[in-house]
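Here is run-v4.txt, consisting of compact mmCIF, C-alpha atoms:
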```txt
# COMPACT_ATOMS: atom_id res chain seq x y z
CA GLN A 173 0.00 0.00 0.00
CA VAL A 174 1.47 3.33 -1.08
CA GLN A 175 1.62 6.03 1.56
CA LEU A 176 2.21 9.71 0.99
CA VAL A 177 3.01 11.87 3.98
CA GLU A 178 3.01 15.65 3.65
CA SER A 179 4.77 18.12 5.88
CA GLY A 180 5.81 21.75 5.86
CA GLY A 181 2.48 23.51 6.03
CA GLY A 182 1.82 26.34 8.45
CA LEU A 183 1.13 30.01 8.84
CA VAL A 184 3.00 32.47 6.63
CA GLN A 185 2.59 36.17 5.97
CA PRO A 186 1.52 37.48 2.55
CA GLY A 187 4.53 37.70 0.28
CA GLY A 188 6.32 34.96 2.17
CA SER A 189 7.58 31.55 1.10
CA LEU A 190 6.95 28.01 2.19
CA ARG A 191 8.21 24.59 1.13
CA LEU A 192 6.00 21.53 1.34
CA SER A 193 7.40 18.01 1.39
CA CYS A 194 5.76 14.73 0.45
CA GLU A 195 7.54 11.54 1.47
CA ALA A 196 6.50 8.44 -0.42
CA SER A 197 6.68 4.92 0.94
CA SER A 198 7.94 3.64 -2.41
CA ARG A 199 10.24 4.75 -5.23
CA ILE A 200 8.90 7.98 -6.66
CA LEU A 201 10.21 7.15 -10.13
CA ASP A 202 7.80 4.19 -10.15
CA PHE A 203 4.95 6.68 -10.29
CA THR A 204 3.81 7.93 -13.67
CA ALA A 205 3.29 11.33 -12.10
CA MET A 206 3.30 13.05 -8.75
CA GLY A 207 2.00 16.41 -7.80
CA TRP A 208 0.24 18.78 -5.48
CA TYR A 209 -3.41 19.71 -5.36
CA ARG A 210 -5.09 22.13 -3.04
CA GLN A 211 -8.57 22.66 -1.68
CA ALA A 212 -9.87 25.76 0.03
CA PRO A 213 -13.09 25.73 2.08
CA GLY A 214 -16.14 25.66 -0.16
CA LYS A 215 -14.07 25.19 -3.31
CA GLN A 216 -13.17 22.26 -5.52
CA ARG A 217 -9.81 20.61 -5.32
CA GLU A 218 -7.51 22.05 -7.97
CA LEU A 219 -4.12 21.27 -9.40
CA ALA A 220 -1.19 23.30 -8.10
CA ALA A 221 1.68 21.46 -9.75
CA LEU A 222 2.39 18.14 -11.42
CA LEU A 223 5.67 16.42 -12.25
CA THR A 224 5.85 13.32 -14.42
CA ASN A 225 8.47 10.61 -14.09
CA ILE A 226 10.20 11.93 -17.21
CA GLY A 227 10.34 15.47 -15.91
CA PHE A 228 7.33 17.13 -17.56
CA THR A 229 5.70 19.76 -15.39
CA LYS A 230 2.27 21.34 -15.33
CA PHE A 231 1.02 24.12 -13.10
CA GLY A 232 -2.35 25.53 -12.20
CA ASP A 233 -3.23 28.81 -13.89
CA PHE A 234 -3.13 30.62 -10.56
CA VAL A 235 0.53 29.73 -9.97
CA LYS A 236 1.97 32.28 -12.44
CA ASP A 237 5.62 31.30 -11.88
CA ARG A 238 5.36 31.49 -8.10
CA PHE A 239 5.71 27.76 -7.38
CA ALA A 240 8.36 25.19 -8.18
CA ILE A 241 7.97 21.41 -8.02
CA THR A 242 11.05 19.30 -7.49
CA ARG A 243 11.98 15.86 -6.20
CA ASP A 244 14.74 14.05 -4.37
CA ILE A 245 14.88 10.65 -6.00
CA ALA A 246 17.27 9.20 -3.44
CA LYS A 247 15.00 10.17 -0.55
CA ASN A 248 11.70 9.56 -2.38
CA ILE A 249 10.48 13.04 -1.51
CA LEU A 250 8.50 15.46 -3.64
CA TYR A 251 8.68 19.17 -2.86
CA LEU A 252 6.55 22.19 -3.60
CA GLN A 253 8.37 25.45 -3.12
CA MET A 254 5.96 28.36 -2.94
CA TYR A 255 6.94 32.01 -3.25
CA GLN A 256 5.05 35.30 -3.09
CA LEU A 257 2.20 33.68 -1.24
CA LYS A 258 -1.16 35.40 -1.19
CA SER A 259 -4.13 35.05 1.13
CA GLU A 260 -5.98 33.20 -1.63
CA ASP A 261 -3.29 30.50 -1.53
CA SER A 262 -4.62 29.43 1.85
CA ALA A 263 -5.86 25.86 1.53
CA VAL A 264 -5.16 22.27 2.42
CA TYR A 265 -2.45 21.02 0.09
CA TYR A 266 -2.53 17.35 -0.88
CA CYS A 267 0.22 15.22 -2.30
CA TYR A 268 -0.87 13.08 -5.23
CA ALA A 269 0.67 10.14 -7.06
CA ARG A 270 -0.44 8.12 -10.05
CA GLN A 271 0.82 4.66 -10.87
CA GLU A 272 -0.72 2.93 -13.89
CA GLY A 273 -4.44 2.92 -13.09
CA ASP A 274 -4.12 3.73 -9.41
CA GLU A 275 -4.16 7.09 -7.67
CA TYR A 276 -2.93 7.89 -4.20
CA TRP A 277 -3.44 10.87 -1.92
CA GLY A 278 -1.78 12.11 1.22
CA GLN A 279 -3.70 13.32 4.23
CA GLY A 280 -3.07 16.97 3.42
CA THR A 281 -1.22 19.81 5.08
CA GLN A 282 -2.75 23.18 5.91
CA VAL A 283 -1.26 26.34 4.47
CA THR A 284 -2.55 29.61 5.86
CA VAL A 285 -1.43 32.92 4.43
CA SER A 286 -2.34 35.72 6.74
CA SER A 287 -0.87 38.74 8.44
```

Rewrite the structure from the file as structure tokens, please.
Amino acid sequence: QVQLVESGGGLVQPGGSLRLSCEASSRILDFTAMGWYRQAPGKQRELAALLTNIGFTKFGDFVKDRFAITRDIAKNILYLQMYQLKSEDSAVYYCYARQEGDEYWGQGTQVTVSS
């Protein structure tokens, strides 16, 4: 059973930065893709960033060059580096992984952007 464990969420001021981590229980290169989704109260879950096993990336329209998605293959960790955070970035951020026909989700980590 694949497990994804997020960390790194918290409270940050507008304009600040935050790095989220997602540790996988198996080799991250075995996944077709990994990424980050977010969900704010009363809103649908939306894509923040996606990274395929061959290095292709895709970002949500709201990102506008503020986020970077990277991975540490040796440690099996996926990262989401977020810059220039805004109050509207406040949400629960979920780690996601896809392997053939299966999808996996982490438990989520809360990001709150507020002064």

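Neighbours of range 233-236 of chain A closer than or equal to 10 Å, with only C-alpha atoms counted and sequence neighbours fewer than 4 positions away skipped, come out as Glu218, Leu219, Ala220, Ala221, Ala240, Met254, Tyr255, Gln256, Leu257, Glu260 and Asp261 of chain A.
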
| field | Ile241 in chain A environment, 7 Å, only C-alpha atoms, sequence neighbours closer than 5 positions dropped, as a ChimeraX atom specification | value | /A:221,223,251-253

Could you please take those selected residues and save C-alpha atoms as a compact mmCIF listing (two decimals), in the frame of the given file?
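Writing done, so here's out.txt:
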```
# COMPACT_ATOMS: atom_id res chain seq x y z
CA ALA A 221 1.68 21.46 -9.75
CA LEU A 223 5.67 16.42 -12.25
CA TYR A 251 8.68 19.17 -2.86
CA LEU A 252 6.55 22.19 -3.60
CA GLN A 253 8.37 25.45 -3.12
```

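The interatomic distance for the pair CA of Trp277 in chain A and CA of Gly188 in chain A works out to 26.3 Å.
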
| task | Give the answer as one residue: which of A:Gly280, A:Gly214, A:Gly232, A:Gly207 has the shortest atom-to-atom distance to Gly182 in chain A, using all atoms listed in the file? | result | A:Gly280

| task | For each of A:Trp208, A:Pro186, A:Leu176, A:Lys247, take the minimum atom-to-atom distance to Phe231 in chain A, counting all atoms listed in the file, then give the residue where this is smallest. | result | A:Trp208

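Of the residues under consideration (A:Ala196, A:Glu178, A:Ala263, A:Ala246), A:Ala263 shows the shortest atom-to-atom contact distance to Gln216 in chain A when counting all atoms listed in the file.
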
| task | Name all residues at most 10 Å from Val184 in chain A (count all atoms listed in the file; drop same-chain ones fewer than 3 positions away) and give them as a PyMOL selection string. | result | chain A and resi 181+187-190+257-259+262+283-287

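For the pair CA of Arg270 in chain A and CA of Asp244 in chain A, the interatomic distance is 17.3 Å.
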
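Remark: for Cys194 in chain A, the closest of the candidate residues A:Tyr276, A:Gln173, A:Ala269, A:Leu250 is A:Leu250 (distances computed over all atoms listed in the file).
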
| query | Looking at all atoms listed in the file, which of A:Gln279, A:Ser197, A:Asp237, A:Cys267 is the one that sits closest to Leu222 in chain A? | reply | A:Cys267
